[in-house]
file protein28.csv (CSV, C-alpha atoms and all ligand atoms)
chain,number,residue,atom,x,y,z
U,1,MET,CA,-136.4,10.2,-205.5
U,2,ARG,CA,-133.9,11.1,-208.2
U,3,ALA,CA,-134.6,13.4,-211.0
U,4,MET,CA,-135.2,12.5,-214.6
U,5,VAL,CA,-132.0,11.9,-216.6
U,6,LYS,CA,-131.3,14.0,-219.6
U,7,ILE,CA,-128.9,12.9,-222.4
U,8,GLY,CA,-128.7,16.0,-224.7
U,9,ASN,CA,-132.4,16.7,-225.4
U,10,ILE,CA,-133.5,13.1,-224.6
U,11,GLU,CA,-135.5,12.8,-221.4
U,12,LEU,CA,-135.4,9.5,-219.6
U,13,ARG,CA,-137.2,8.5,-216.4
U,14,ASN,CA,-135.3,8.5,-213.1
U,15,GLU,CA,-133.0,5.5,-212.6
U,16,PRO,CA,-133.2,4.3,-216.2
U,17,VAL,CA,-132.2,0.8,-217.2
U,18,PHE,CA,-130.4,0.5,-220.5
U,19,LEU,CA,-130.1,-2.6,-222.7
U,20,ALA,CA,-126.4,-2.9,-223.7
U,21,PRO,CA,-125.4,-3.1,-227.3
U,22,LEU,CA,-124.6,-6.8,-227.9
U,23,GLU,CA,-123.3,-8.0,-231.2
U,24,ASP,CA,-125.5,-10.7,-232.8
U,25,VAL,CA,-128.0,-10.4,-229.9
U,26,THR,CA,-129.6,-7.0,-229.8
U,27,ASP,CA,-131.1,-7.1,-233.2
U,28,HIS,CA,-134.6,-5.7,-234.0
U,29,PRO,CA,-136.6,-8.8,-232.8
U,30,PHE,CA,-134.8,-9.0,-229.5
U,31,ARG,CA,-135.0,-5.2,-228.9
U,32,VAL,CA,-138.8,-5.2,-229.4
U,33,ILE,CA,-139.1,-7.8,-226.7
U,34,CYS,CA,-136.7,-6.0,-224.3
U,35,LYS,CA,-138.7,-2.8,-224.8
U,36,LYS,CA,-141.9,-4.7,-223.9
U,37,TYR,CA,-140.3,-5.8,-220.7
U,38,GLY,CA,-139.3,-2.3,-219.8
U,39,ALA,CA,-135.8,-1.4,-221.1
U,40,ASP,CA,-135.7,2.4,-221.0
U,41,PHE,CA,-133.0,2.9,-223.7
U,42,MET,CA,-131.5,0.5,-226.3
U,43,TYR,CA,-128.8,0.4,-228.9
U,44,THR,CA,-128.2,-1.3,-232.2
U,45,GLU,CA,-125.4,-3.9,-232.3
U,46,PHE,CA,-122.1,-2.1,-233.0
U,47,ILE,CA,-121.7,-1.0,-236.6
U,48,SER,CA,-118.3,-0.9,-238.3
U,49,SER,CA,-117.7,2.6,-239.7
U,50,ASP,CA,-115.7,1.2,-242.5
U,51,ALA,CA,-118.5,-1.1,-243.6
U,52,LEU,CA,-121.0,1.6,-243.2
U,53,VAL,CA,-119.1,4.0,-245.4
U,54,ARG,CA,-118.9,1.3,-248.0
U,55,GLU,CA,-122.6,0.7,-247.6
U,56,VAL,CA,-122.3,-3.0,-247.0
U,57,LYS,CA,-125.9,-4.3,-247.1
U,58,THR,CA,-126.0,-6.4,-243.9
U,59,ILE,CA,-124.7,-3.3,-242.0
U,60,VAL,CA,-127.5,-1.1,-243.3
U,61,LYS,CA,-130.1,-3.7,-242.2
U,62,LYS,CA,-128.6,-3.7,-238.7
U,63,MET,CA,-129.4,0.0,-238.5
U,64,GLN,CA,-133.0,-0.2,-239.5
U,65,LEU,CA,-135.0,1.3,-236.6
U,66,TYR,CA,-138.7,1.1,-235.8
U,67,PRO,CA,-140.9,3.5,-233.7
U,68,VAL,CA,-141.6,0.9,-231.0
U,69,GLU,CA,-137.8,0.7,-230.3
U,70,ARG,CA,-137.4,4.4,-229.4
U,71,PRO,CA,-135.5,6.0,-227.8
U,72,ILE,CA,-132.6,4.2,-229.4
U,73,GLY,CA,-128.9,4.8,-230.3
U,74,ILE,CA,-126.9,3.6,-233.2
U,75,GLN,CA,-123.5,2.5,-232.0
U,76,ILE,CA,-120.5,2.8,-234.4
U,77,TYR,CA,-116.8,1.8,-234.1
U,78,GLY,CA,-113.7,2.3,-236.1
U,79,ASN,CA,-110.2,3.8,-235.9
U,80,GLN,CA,-110.2,6.4,-238.6
U,81,ILE,CA,-111.3,10.0,-237.9
U,82,ASP,CA,-112.8,10.7,-241.3
U,83,ALA,CA,-114.6,7.4,-241.6
U,84,MET,CA,-116.1,7.7,-238.1
U,85,ALA,CA,-117.4,11.2,-238.8
U,86,GLU,CA,-118.8,10.1,-242.1
U,87,ALA,CA,-120.3,7.0,-240.6
U,88,ALA,CA,-121.9,9.1,-237.9
U,89,LEU,CA,-123.5,11.3,-240.5
U,90,LEU,CA,-124.9,8.3,-242.4
U,91,ALA,CA,-126.2,6.9,-239.2
U,92,GLU,CA,-127.9,10.2,-238.4
U,93,GLU,CA,-129.9,9.9,-241.5
U,94,LEU,CA,-131.8,7.0,-239.9
U,95,LYS,CA,-132.9,9.3,-237.2
U,96,PRO,CA,-131.8,7.5,-234.0
U,97,GLU,CA,-132.1,9.5,-230.8
U,98,LEU,CA,-128.3,9.5,-230.5
U,99,ILE,CA,-125.0,8.2,-231.9
U,100,ASP,CA,-122.9,6.1,-229.5
U,101,ILE,CA,-119.2,5.4,-230.1
U,102,ASN,CA,-117.7,2.1,-229.0
U,103,PHE,CA,-114.3,2.4,-227.4
U,104,GLY,CA,-114.8,-0.8,-225.3
U,105,CYS,CA,-114.9,-3.8,-227.5
U,106,PRO,CA,-112.1,-6.2,-226.4
U,107,VAL,CA,-112.3,-8.7,-229.2
U,108,ARG,CA,-108.8,-9.3,-230.6
U,109,LYS,CA,-109.7,-8.8,-234.3
U,110,ILE,CA,-111.1,-5.4,-233.4
U,111,ALA,CA,-109.1,-4.1,-230.4
U,112,ASN,CA,-105.7,-5.2,-231.9
U,113,LYS,CA,-106.5,-3.1,-235.0
U,114,GLY,CA,-106.9,-0.1,-232.8
U,115,SER,CA,-110.7,0.0,-232.8
U,116,GLY,CA,-113.1,-0.5,-229.9
U,117,ALA,CA,-111.0,-0.9,-226.7
U,118,GLY,CA,-107.9,-0.7,-228.8
U,119,MET,CA,-108.4,3.0,-228.9
U,120,LEU,CA,-107.6,3.1,-225.2
U,121,ARG,CA,-103.9,2.8,-226.2
U,122,ASP,CA,-104.1,6.0,-228.3
U,123,ILE,CA,-106.0,8.6,-226.2
U,124,PRO,CA,-105.2,11.6,-228.5
U,125,LYS,CA,-106.8,9.7,-231.4
U,126,LEU,CA,-109.7,8.5,-229.3
U,127,LEU,CA,-110.4,12.1,-228.4
U,128,ALA,CA,-109.9,13.3,-232.0
U,129,ILE,CA,-112.4,10.8,-233.2
U,130,THR,CA,-114.9,11.7,-230.6
U,131,GLU,CA,-114.5,15.4,-231.3
U,132,ALA,CA,-114.9,14.8,-235.1
U,133,VAL,CA,-118.1,12.8,-234.5
U,134,VAL,CA,-119.6,15.4,-232.1
U,135,LYS,CA,-118.9,18.1,-234.7
U,136,ALA,CA,-120.2,16.1,-237.7
U,137,VAL,CA,-123.7,15.4,-236.3
U,138,LYS,CA,-126.5,17.4,-234.7
U,139,LEU,CA,-127.7,14.5,-232.6
U,140,PRO,CA,-126.2,13.9,-229.1
U,141,VAL,CA,-123.1,11.7,-229.1
U,142,THR,CA,-122.3,9.3,-226.3
U,143,VAL,CA,-119.3,7.0,-225.6
U,144,LYS,CA,-119.1,3.5,-224.2
U,145,THR,CA,-115.8,2.4,-222.9
U,146,ARG,CA,-113.9,0.5,-220.2
U,147,LEU,CA,-111.7,1.5,-217.2
U,148,GLY,CA,-108.5,1.4,-219.4
U,149,TRP,CA,-106.4,-0.9,-221.4
U,150,ASP,CA,-104.9,-2.9,-218.5
U,151,ASN,CA,-104.5,-2.9,-214.8
U,152,GLU,CA,-101.6,-0.4,-215.1
U,153,SER,CA,-103.6,2.1,-217.1
U,154,LYS,CA,-106.9,2.6,-215.5
U,155,ILE,CA,-107.3,6.1,-216.9
U,156,ILE,CA,-111.0,6.4,-216.9
U,157,VAL,CA,-111.3,9.3,-214.3
U,158,ASP,CA,-109.1,11.6,-216.4
U,159,LEU,CA,-110.5,10.2,-219.7
U,160,ALA,CA,-114.1,10.9,-218.6
U,161,GLU,CA,-113.2,14.6,-218.2
U,162,GLN,CA,-111.4,14.8,-221.5
U,163,LEU,CA,-114.3,13.1,-223.2
U,164,GLN,CA,-116.8,15.5,-221.6
U,165,ASP,CA,-114.7,18.4,-223.0
U,166,THR,CA,-115.2,17.1,-226.5
U,167,GLY,CA,-118.9,17.7,-226.1
U,168,ILE,CA,-120.4,14.2,-225.6
U,169,SER,CA,-123.7,14.0,-223.8
U,170,ALA,CA,-123.3,10.8,-221.7
U,171,LEU,CA,-120.7,8.2,-220.9
U,172,THR,CA,-121.1,4.5,-220.3
U,173,ILE,CA,-118.4,2.7,-218.4
U,174,HIS,CA,-118.0,-1.1,-218.2
U,175,GLY,CA,-116.0,-1.7,-215.0
U,176,ARG,CA,-113.3,-3.9,-216.6
U,177,THR,CA,-110.1,-3.2,-218.5
U,178,ARG,CA,-109.5,-4.5,-222.1
U,179,GLU,CA,-107.0,-7.0,-220.7
U,180,GLN,CA,-109.7,-8.5,-218.5
U,181,ILE,CA,-112.1,-9.1,-221.5
U,182,TYR,CA,-114.9,-10.5,-219.4
U,183,SER,CA,-112.9,-12.2,-216.6
U,184,GLY,CA,-113.0,-11.4,-212.9
U,185,VAL,CA,-115.6,-9.2,-211.4
U,186,ALA,CA,-116.5,-5.7,-212.7
U,187,ASP,CA,-114.9,-3.0,-210.5
U,188,TRP,CA,-117.4,-0.3,-210.0
U,189,THR,CA,-115.3,1.9,-207.6
U,190,LEU,CA,-113.8,3.8,-210.5
U,191,ILE,CA,-117.2,4.2,-212.1
U,192,GLY,CA,-118.2,5.8,-208.8
U,193,GLU,CA,-115.2,8.0,-208.8
U,194,VAL,CA,-116.0,9.3,-212.2
U,195,LYS,CA,-119.6,10.0,-211.1
U,196,ASN,CA,-118.5,11.7,-207.9
U,197,ASN,CA,-115.9,13.9,-209.7
U,198,PRO,CA,-117.4,17.4,-209.2
U,199,ARG,CA,-116.1,18.4,-212.7
U,200,MET,CA,-118.3,15.8,-214.3
U,201,LYS,CA,-121.7,17.1,-215.5
U,202,ILE,CA,-122.9,14.6,-218.1
U,203,PRO,CA,-124.8,11.5,-217.1
U,204,ILE,CA,-122.7,8.4,-216.2
U,205,ILE,CA,-124.1,5.0,-217.0
U,206,GLY,CA,-122.6,2.1,-215.1
U,207,ASN,CA,-122.2,-1.3,-216.6
U,208,GLY,CA,-120.9,-4.7,-215.6
U,209,ASP,CA,-122.3,-7.8,-214.0
U,210,ILE,CA,-125.8,-6.6,-213.0
U,211,ASP,CA,-128.1,-9.6,-213.0
U,212,SER,CA,-130.8,-8.8,-210.4
U,213,GLY,CA,-132.9,-6.1,-208.9
U,214,GLU,CA,-130.9,-6.2,-205.7
U,215,LYS,CA,-127.7,-5.6,-207.5
U,216,ALA,CA,-129.2,-2.8,-209.6
U,217,ARG,CA,-130.4,-1.1,-206.4
U,218,GLN,CA,-126.9,-1.5,-204.9
U,219,MET,CA,-125.2,0.1,-207.9
U,220,PHE,CA,-127.4,3.1,-208.0
U,221,ASP,CA,-127.1,3.6,-204.2
U,222,ARG,CA,-123.4,2.9,-203.8
U,223,TYR,CA,-122.0,4.6,-206.8
U,224,GLY,CA,-124.6,7.3,-207.6
U,225,VAL,CA,-124.7,6.5,-211.3
U,226,ASP,CA,-127.4,8.1,-213.4
U,227,GLY,CA,-128.3,4.9,-215.2
U,228,ILE,CA,-127.3,1.2,-215.3
U,229,MET,CA,-126.8,-1.0,-218.4
U,230,ILE,CA,-127.6,-4.7,-218.6
U,231,GLY,CA,-125.8,-6.9,-221.1
U,232,ARG,CA,-125.4,-10.7,-220.6
U,233,ALA,CA,-128.1,-11.0,-218.0
U,234,ALA,CA,-130.7,-10.1,-220.6
U,235,ILE,CA,-129.8,-12.8,-223.1
U,236,GLY,CA,-132.6,-15.4,-223.0
U,237,ASN,CA,-133.9,-13.5,-220.0
U,238,PRO,CA,-135.5,-10.2,-221.0
U,239,TYR,CA,-137.7,-10.5,-217.9
U,240,ILE,CA,-134.7,-8.9,-216.1
U,241,PHE,CA,-136.0,-5.5,-217.1
U,242,ARG,CA,-139.3,-6.0,-215.4
U,243,GLU,CA,-137.7,-7.6,-212.4
U,244,ILE,CA,-135.2,-4.7,-212.0
U,245,ARG,CA,-137.8,-2.0,-212.5
U,246,HIS,CA,-140.0,-3.6,-209.9
U,247,TYR,CA,-137.2,-4.0,-207.4
U,248,LEU,CA,-136.0,-0.4,-207.9
U,249,ASP,CA,-139.5,1.0,-207.5
U,250,ALA,CA,-141.0,-1.3,-204.9
U,251,GLY,CA,-137.9,-2.8,-203.1
U,252,GLU,CA,-139.1,-6.4,-203.6
U,253,ASN,CA,-138.4,-9.3,-206.0
U,254,LEU,CA,-141.1,-10.4,-208.5
U,255,PRO,CA,-141.8,-14.1,-208.8
U,256,SER,CA,-139.8,-15.8,-211.7
U,257,PRO,CA,-141.7,-16.0,-215.0
U,258,THR,CA,-143.8,-19.1,-215.4
U,259,ILE,CA,-143.0,-21.8,-217.9
U,260,SER,CA,-146.0,-20.7,-220.0
U,261,GLU,CA,-144.6,-17.2,-220.2
U,262,ARG,CA,-141.1,-18.4,-221.1
U,263,VAL,CA,-142.6,-20.6,-223.9
U,264,SER,CA,-144.7,-17.8,-225.3
U,265,LEU,CA,-141.8,-15.4,-225.1
U,266,LEU,CA,-139.7,-17.8,-227.2
U,267,LYS,CA,-142.4,-18.3,-229.7
U,268,GLU,CA,-142.8,-14.6,-230.1
U,269,LEU,CA,-139.0,-14.1,-230.5
U,270,ILE,CA,-138.7,-17.0,-233.0
U,271,GLU,CA,-141.6,-15.7,-235.1
U,272,LYS,CA,-140.1,-12.2,-235.2
U,273,SER,CA,-136.7,-13.6,-236.0
U,274,ILE,CA,-138.0,-15.7,-238.9
U,275,GLU,CA,-139.7,-12.6,-240.2
U,276,TRP,CA,-136.4,-10.7,-239.8
U,277,LYS,CA,-133.9,-13.3,-241.0
U,278,GLY,CA,-135.9,-15.9,-242.8
U,279,LEU,CA,-135.4,-19.7,-242.4
U,280,PRO,CA,-133.4,-21.3,-241.0
U,281,GLY,CA,-131.4,-18.3,-239.9
U,282,GLY,CA,-134.2,-16.9,-237.8
U,283,ILE,CA,-134.4,-20.1,-235.8
U,284,LEU,CA,-130.6,-20.7,-235.5
U,285,HIS,CA,-130.2,-17.1,-234.3
U,286,THR,CA,-132.5,-17.6,-231.4
U,287,ARG,CA,-130.7,-20.7,-230.1
U,288,ARG,CA,-128.7,-18.7,-227.6
U,289,HIS,CA,-132.0,-17.3,-226.1
U,290,MET,CA,-133.6,-20.8,-226.1
U,291,ALA,CA,-130.7,-22.3,-224.2
U,292,LEU,CA,-130.7,-19.6,-221.5
U,293,ASN,CA,-134.5,-19.1,-221.3
U,294,PHE,CA,-135.0,-22.5,-219.6
U,295,LYS,CA,-131.8,-22.4,-217.5
U,296,GLY,CA,-132.0,-24.2,-214.2
U,297,LEU,CA,-134.9,-26.6,-215.0
U,298,PRO,CA,-134.2,-30.0,-213.5
U,299,ASP,CA,-133.4,-32.9,-215.8
U,300,PHE,CA,-133.8,-30.6,-218.8
U,301,ARG,CA,-130.8,-31.9,-220.8
U,302,PRO,CA,-132.6,-34.3,-223.2
U,303,LEU,CA,-135.2,-31.7,-224.1
U,304,ARG,CA,-132.5,-29.0,-224.4
U,305,ILE,CA,-130.5,-31.1,-226.9
U,306,LYS,CA,-133.7,-31.8,-228.9
U,307,MET,CA,-134.6,-28.1,-228.9
U,308,LEU,CA,-131.2,-26.9,-229.9
U,309,ARG,CA,-130.9,-29.4,-232.7
U,310,SER,CA,-134.2,-28.5,-234.3
U,311,ASN,CA,-134.5,-26.0,-237.1
U,312,ASN,CA,-138.1,-26.6,-237.9
U,313,LYS,CA,-140.7,-24.4,-236.4
U,314,GLU,CA,-143.5,-27.0,-236.1
U,315,GLU,CA,-141.1,-29.4,-234.4
U,316,LEU,CA,-140.0,-26.7,-232.0
U,317,TRP,CA,-143.5,-25.8,-231.1
U,318,GLY,CA,-144.1,-29.5,-230.2
U,319,ILE,CA,-141.0,-29.5,-228.0
U,320,PHE,CA,-142.2,-26.4,-226.3
U,321,ASP,CA,-145.6,-28.1,-225.6
U,322,GLU,CA,-143.7,-30.9,-224.1
U,323,ILE,CA,-141.7,-28.5,-221.9
U,324,GLU,CA,-144.8,-26.8,-220.8
U,325,LYS,CA,-146.6,-30.0,-219.9
U,326,ARG,CA,-143.6,-31.4,-218.0
U,327,TYR,CA,-142.6,-28.4,-216.0
U,328,SER,CA,-145.8,-26.4,-215.5
U,329,GLN,CA,-147.0,-28.5,-212.6
U,330,SER,CA,-143.7,-28.2,-210.7
U,331,GLN,CA,-144.1,-24.4,-210.5
U,401,LIG,C1,-122.2,-11.4,-226.9
U,401,LIG,C2,-121.7,-10.0,-226.6
U,401,LIG,C3,-121.7,-9.0,-227.5
U,401,LIG,C4,-121.3,-7.7,-227.2
U,401,LIG,N1,-121.4,-6.8,-228.2
U,401,LIG,C5,-121.1,-5.4,-227.9
U,401,LIG,C6,-121.3,-4.4,-228.9
U,401,LIG,O1,-121.7,-4.6,-230.0
U,401,LIG,N2,-121.0,-3.1,-228.5
U,401,LIG,C7,-120.6,-2.8,-227.2
U,401,LIG,O2,-120.4,-1.7,-226.8
U,401,LIG,N3,-120.4,-3.8,-226.3
U,401,LIG,C8,-120.7,-5.1,-226.6
U,401,LIG,N4,-120.6,-6.1,-225.6
U,401,LIG,C9,-120.3,-5.7,-224.2
U,401,LIG,C10,-121.6,-5.4,-223.5
U,401,LIG,O3,-122.3,-4.3,-224.0
U,401,LIG,C11,-121.3,-5.1,-222.0
U,401,LIG,O4,-120.5,-3.9,-221.9
U,401,LIG,C12,-120.7,-6.2,-221.3
U,401,LIG,O5,-121.3,-7.5,-221.6
U,401,LIG,C13,-120.7,-6.0,-219.7
U,401,LIG,O6,-122.0,-6.0,-219.3
U,401,LIG,P1,-122.8,-7.2,-218.6
U,401,LIG,O7,-121.9,-7.6,-217.4
U,401,LIG,O8,-124.1,-6.7,-218.1
U,401,LIG,O9,-122.9,-8.3,-219.6
U,401,LIG,C14,-120.9,-7.4,-225.9
U,401,LIG,C15,-120.9,-8.4,-225.0
U,401,LIG,C16,-121.3,-9.7,-225.2
U,401,LIG,C17,-121.3,-10.7,-224.2
call {"tool": "encode", "arguments": {"input": "protein28.csv", "output": "structure tokens"}}
result
Amino acid sequence: MRAMVKIGNIELRNEPVFLAPLEDVTDHPFRVICKKYGADFMYTEFISSDALVREVKTIVKKMQLYPVERPIGIQIYGNQIDAMAEAALLAEELKPELIDINFGCPVRKIANKGSGAGMLRDIPKLLAITEAVVKAVKLPVTVKTRLGWDNESKIIVDLAEQLQDTGISALTIHGRTREQIYSGVADWTLIGEVKNNPRMKIPIIGNGDIDSGEKARQMFDRYGVDGIMIGRAAIGNPYIFREIRHYLDAGENLPSPTISERVSLLKELIEKSIEWKGLPGGILHTRRHMALNFKGLPDFRPLRIKMLRSNNKEELWGIFDEIEKRYSQSQ
């Protein structure tokens, strides 16, 4: 059995499972649900340091944290040393457990401006930003990044050591380059190399393509990582945290969630989202979860279209009743 994982002064259980920061997905309502299903650590969506320094209202709301979500990290991104240090200080006032820096976002409008994964093209600045953030705050600082900018510059093994030297408390690595965006298959071999480098002391969290308990087990066993992080597989499917935990602890698969559970999960998420965003935003925002929550049901298309067109709660509840009636027997 592995030991507990420590990130700075934060103690996490052995083999912890992290919910990845996901823009427009991991907001407060979704985080509460993932926590309920067993996510051990979560993050806010990424927060632009420039917007934070200008106190843009929507940004401040994204950083509102609640006790039930703890332990939680606020993730910031940007390409200016001073703004990043100032943003980290502002984020610290909200008392997250840690500040995470995003050096991994591949989206063109961010990476091409030198933020997110764009920083992988300017390592001295990346390190200067990290050092400035570590110095600015008392909280532990962590970094989330990729293998490198492109196939010719997979620098993560050296970069991990350099990052550790700046004083960060943990490193998350997504096993792709910026150039790959989300294509191909995540390559975990370099994540394993970082972890097995005897000079590395901080926890290494592996990320990329984990979508089942079996895969989670494989990644821990093959690559020796301290934690794993789940992104896309959690969208519309927060049950993944319960399934992975069960597989890690008991070595067997849990049965899939029933239709009733899927329906009540969606109702809870929609209620919480309406509370959080109002109408119709709260409903529109959960559409991505609705679509994926019922993935794989036979002949579901007509109901799916109806469900995704509706922005009325009563109507949606009626559609859910219909789904429950139609598909409960087939389980
Ligand atoms: C819709 C979406 C939004 C994302 N937003 C963020 C973000 O705000 N911050 C971040 O570090 N990564 C972000 N990512 C990357 C994920 O955190 C994760 O690294 C990536 O999806 C790979 O993990 P997966 O294969 O488990 O999905 C995002 C990914 C997706 C698909």
call {"tool": "residues_near_ligand", "arguments": {"input": "protein28.csv", "ligand": "ligand LIG 401 (chain U)", "cutoff": "6 Å", "atoms": "all atoms listed in the file", "output": "list in words"}}
result
Ala20, Pro21, Leu22, Glu23, Glu45, Phe46, Asn102, Gly104, Cys105, Lys144, His174, Asn207, Gly208, Asp209, Ile210, Ile230, Gly231, Arg232 and Ala233 of chain U
call {"tool": "closest_residue", "arguments": {"input": "protein28.csv", "among": "U:Ser212, U:Ser260, U:Ser273, U:Asn312", "to": "Arg245 of chain U", "atoms": "all atoms listed in the file"}}
result
U:Ser212
call {"tool": "residues_around", "arguments": {"input": "protein28.csv", "residues": "Glu271 of chain U", "least_positions_apart": "5", "cutoff": "9 Å", "atoms": "only C-alpha atoms", "output": "compact mmCIF listing (two decimals) with C-alpha atoms, keeping the file's coordinate frame"}}
result
# COMPACT_ATOMS: atom_id res chain seq x y z
CA PRO U 29 -136.60 -8.80 -232.80
CA LEU U 266 -139.70 -17.80 -227.20
CA TRP U 276 -136.40 -10.70 -239.80
CA GLY U 282 -134.20 -16.90 -237.80
CA ILE U 283 -134.40 -20.10 -235.80
CA LYS U 313 -140.70 -24.40 -236.40
call {"tool": "closest_residue", "arguments": {"input": "protein28.csv", "among": "U:Arg2, U:Leu303, U:Val194, U:Leu90", "to": "Ala136 of chain U", "atoms": "only C-alpha atoms"}}
result
U:Leu90
call {"tool": "residues_near_point", "arguments": {"input": "protein28.csv", "point": "(-123.8, 6.2, -238.9)", "cutoff": "10 Å", "atoms": "all atoms listed in the file", "output": "count of residues only"}}
result
30
call {"tool": "atom_distance", "arguments": {"input": "protein28.csv", "atom1": "atom CA of Lys138 of chain U", "atom2": "atom CA of Leu65 of chain U"}}
result
18.3 Å
call {"tool": "residues_around", "arguments": {"input": "protein28.csv", "residues": "Gly175 of chain U", "least_positions_apart": "3", "cutoff": "7 Å", "atoms": "all atoms listed in the file", "output": "list in words"}}
result
Arg146, Leu147, Ala186, Asp187, Trp188, Ile191, Asn207 and Gly208 of chain U
call {"tool": "closest_residue", "arguments": {"input": "protein28.csv", "among": "U:Val185, U:Ile33, U:Ile240, U:Ala160", "to": "Lys201 of chain U", "atoms": "only C-alpha atoms"}}
result
U:Ala160
call {"tool": "residues_near_point", "arguments": {"input": "protein28.csv", "point": "(-126.9, 5.4, -226.8)", "cutoff": "8 Å", "atoms": "only C-alpha atoms", "output": "number ranges by chain"}}
result
U: 41-43, 72-75, 97-100, 141-143
call {"tool": "closest_residue", "arguments": {"input": "protein28.csv", "among": "U:Lys62, U:Lys267, U:Lys154, U:His289", "to": "Asp27 of chain U", "atoms": "all atoms listed in the file"}}
result
U:Lys62
call {"tool": "atom_distance", "arguments": {"input": "protein28.csv", "atom1": "atom CA of Leu284 of chain U", "atom2": "atom CA of Val25 of chain U"}}
result
12.0 Å
